[in-house]
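Enquirer: One structure, as structure tokens, below. Some questions next.
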Amino acid sequence: MKKDTLTVGFMLFALFFGAGNLIYPPTLGDESGTSYWAAIVGFVLTGVGLPILAVTAISFVKNDARELADRVHPMFGAIFTSVVYLAIGPFFGVPRAATVAFEMSMEPFTSVSPFILFLFTTFFFLIVYFISMNPSKMVDRVGQLLTPFLLFAIVILCVGGFMLLNNDVQSPSEKYAESPLFTGFVEGYLTMDAIAALAFGIIVVNAFKDRGITSREALIQSTLKAGLVAGIGLVSVYASIGWIGTRLGATGSFSNGGDILSSAANMMFGNFGAILLGIIVALACLTTSVGLVVACGQFFHRLTDFSYHWIVALVTIVSYLIANQGLNTIISVSVPVLTFLYPIAIVLILLTFLQPLFDGDAYVYRGAILMTGFISLYDGLTEYGISMPAVTSVLEHLPFFTLGLGWFAPAVLGGLIGLLFKKSPALSYSK
């Protein structure tokens with residue numbers, strides 16, 4: 001049983017650990033400087049804590065994240081969950097992973113061109129398709145084969161950083177000067193893993209079911225233990241590569257975390273460092289892509305009754321086509337959508353654990369999600385560049401609005417209003 005927990009935990013670590021997880025901690029280290037440890041603690045709370053909670057929340061239901069969203073309303077459950085899977089799957093998550101893998105593993109060695117991108121993504125998605133076609137074997141393939149290679153490459157990079165990087169740590173930037181813990185807390189949202197966890201959770205649950213665990217309590221405990229295994233791995237890696245960022249902060253300016261890691265790898269190991277970083281990024285993006293394709297295949301198979309294999313093929317093809325549009329195009333279109341979805345997902349996850357306090361009443365879910373959705377819709381539209389000065393002048397008075405957490409107080413208020421309507425058992429969630 002311990003071996004199964006470790007295997008599933010390693011798989012979950014690899015699924016979570018995509019390109020974004022490599023890029024953001026070094027940037028945090030660079031910007032936070034001497035306030036790094038407070039900042040990384042905040043980052044871990046949301047970049048690791050929330051995803052583990054989300055995976056565990058899925059173990060409370062029989063099928064997938066739709067059951068969590070159904071507590072608001074069945075129509076909301078079908079629409080919201082479908083949009084989440086499409087966003088983190090073929091429309092954004094998988095294509096972004098493929099293009100980031102291309103840019104960080106191929107760019108140092110060859111000139112970037114649409115033809116080279118076409119060749120790389122063709123090979124990349126053939127591997128993704130092959131592994132995803134048999135989800136029952138994915139745990140062993142990812143957890144026992146790919147993850148050890150990924151961890152080994154990361155360990156080499158981090159050990160080299162601790163031994164070879166001796167630069168002074170600079171003072172924190174203005175962003176981290178006053179409240180590094182809270183700023184790091186907000187930065188942890190950038191991993192977007194809480195949304196991905198809604199998709200990965202059912203993969204973990206099914207993996208334990210395939211190993212003979214069927215009772216609800218045993219599934220919850222096993223899922224939580226696997227989440228802790230993945231969490232320990234993520235915390236260790238985040239802290240290490242973030243620390244590398246602190247050591248490079250005084251050596252110059254960097255465009256992003258990928259630039260920091262590339263510079264660090266080159267300083268420590270020369271050309272070998274570039275190859276090592278390319279392996280890390282390629283494996284991280286590959287494992288995340290496989291997990292997302294499998295999750296989409298399983299979800300839409302249950303939703304539509306179409307063949308799992310045909311759905312996997314369709315998701316892979318759509319991801320392949322979008323990936324060849326380039327990373328900048330993908331990011332410009334997808335970030336506003338994720339900005340809208342993320343707060344709703346967070347509130348849904350938290351309500352799952354708070355459910356005993358209000359007996360799972362549907363009105364509480366509806367009030368909290370409705371108020372959250374209103375604010376997150378505004379945030380998403382502003383990300384698209386739509387200016388709404390009249391609305392902004394009102395919403396800017398909300399607590400934490402300037403930190404991107406303007407939805408928090410409305411979510412609490414909406415939930416409390418929902419409690420006022422808790423008189424009708426017929427409209428409450430039935431356990």
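Every chain in the structure tokens takes a letter, A first, then B, and so on in the order presented; its residues are numbered from 1, and the ligands are numbered from 1 following the presented order.
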Hey, what's within 9 Å of A:Ile244 if we count only C-alpha atoms and toss same-chain stuff fewer than 5 positions away? As a PDB file with N, CA and C atoms, in the first residue's frame, please?
Expert:
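Generated output (selection-v8.pdb):
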ATOM      1  N   PRO A  26      11.576  31.059  -9.406  1.00  0.00           N
ATOM      2  CA  PRO A  26      12.796  31.856  -9.583  1.00  0.00           C
ATOM      3  C   PRO A  26      12.518  33.354  -9.661  1.00  0.00           C
ATOM      4  N   GLY A  29      12.013  34.537  -6.198  1.00  0.00           N
ATOM      5  CA  GLY A  29      13.292  34.645  -5.509  1.00  0.00           C
ATOM      6  C   GLY A  29      14.061  35.880  -5.926  1.00  0.00           C
ATOM      7  N   ASP A  30      14.048  36.178  -7.211  1.00  0.00           N
ATOM      8  CA  ASP A  30      14.731  37.351  -7.743  1.00  0.00           C
ATOM      9  C   ASP A  30      14.147  38.637  -7.155  1.00  0.00           C
ATOM     10  N   CYS A 158      19.539  21.861  -8.788  1.00  0.00           N
ATOM     11  CA  CYS A 158      19.463  22.509  -7.481  1.00  0.00           C
ATOM     12  C   CYS A 158      20.747  22.327  -6.672  1.00  0.00           C
ATOM     13  N   GLY A 161      23.238  24.579  -7.944  1.00  0.00           N
ATOM     14  CA  GLY A 161      22.974  25.942  -7.497  1.00  0.00           C
ATOM     15  C   GLY A 161      23.505  26.200  -6.097  1.00  0.00           C
ATOM     16  N   PHE A 162      23.254  25.266  -5.190  1.00  0.00           N
ATOM     17  CA  PHE A 162      23.713  25.432  -3.809  1.00  0.00           C
ATOM     18  C   PHE A 162      25.241  25.444  -3.717  1.00  0.00           C
ATOM     19  N   LEU A 165      26.622  28.729  -6.829  1.00  0.00           N
ATOM     20  CA  LEU A 165      26.140  30.109  -6.859  1.00  0.00           C
ATOM     21  C   LEU A 165      26.354  30.758  -5.490  1.00  0.00           C
ATOM     22  N   ALA A 239      11.191  25.721  -3.269  1.00  0.00           N
ATOM     23  CA  ALA A 239      12.131  26.394  -2.371  1.00  0.00           C
ATOM     24  C   ALA A 239      13.534  26.428  -2.978  1.00  0.00           C
ATOM     25  N   GLY A 249      19.738  37.448  -8.540  1.00  0.00           N
ATOM     26  CA  GLY A 249      19.121  38.768  -8.582  1.00  0.00           C
ATOM     27  C   GLY A 249      20.101  39.901  -8.752  1.00  0.00           C
ATOM     28  N   ILE A 260      15.941  33.285 -15.883  1.00  0.00           N
ATOM     29  CA  ILE A 260      16.766  33.108 -14.686  1.00  0.00           C
ATOM     30  C   ILE A 260      17.353  31.696 -14.648  1.00  0.00           C
ATOM     31  N   LEU A 261      16.517  30.694 -14.858  1.00  0.00           N
ATOM     32  CA  LEU A 261      16.995  29.313 -14.818  1.00  0.00           C
ATOM     33  C   LEU A 261      17.983  29.031 -15.945  1.00  0.00           C
ATOM     34  N   ALA A 264      21.232  30.574 -14.897  1.00  0.00           N
ATOM     35  CA  ALA A 264      21.836  29.802 -13.814  1.00  0.00           C
ATOM     36  C   ALA A 264      22.438  28.503 -14.339  1.00  0.00           C
TER      37      ALA A 264
END
Enquirer: May I have a table of the residues of stretch 11-78 of chain A lying at most 8 Å from stretch 345-360 of chain A, giving each one's closest pair of atoms and their distance in Å to one decimal, counting only C-alpha atoms, ordered by chain and ascending residue number, as a tab-separated table?
Expert:
residue	atom	partner	partner_atom	distance
A:Leu50	CA	A:Ile346	CA	7.7
A:Leu53	CA	A:Ile349	CA	7.2
A:Ala54	CA	A:Ile349	CA	5.8
A:Ala57	CA	A:Thr352	CA	6.5
A:Leu68	CA	A:Leu348	CA	7.2
A:Ala69	CA	A:Leu348	CA	7.1
A:Arg71	CA	A:Gly360	CA	7.8
Enquirer: I'd like the neighbourhood of stretch 198-205 of chain A as a ChimeraX atom specification, where a residue qualifies if any of its atoms comes within 7 Å (using only C-alpha atoms), though same-chain residues fewer than 6 positions away should be ignored.
Expert: /A:8,54-55,58-59,63-65,85,219,223,291,295
Enquirer: To one decimal place in Å, what is the distance between atom CA of A:Phe149 and atom CA of A:Ile279?
Expert: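 We find that atom CA of A:Phe149 and atom CA of A:Ile279 lie 9.0 Å from each other.
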Enquirer: Suppose you want the space between atom CA of A:Phe124 and atom CA of A:Phe10; what is it in Å?
Expert: 21.5 Å
Enquirer: Using only C-alpha atoms, which protein or nucleic acid residues come within 8 Å of A:Asp379? Drop anything in the same chain fewer than 2 positions from it, and give the result as a list in words.
Expert: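 Skipping anything fewer than 2 positions along the chain leaves Pro336, Thr339, Phe340, Ile375, Ser376, Leu377, Leu381, Thr382 and Glu383 of chain A.
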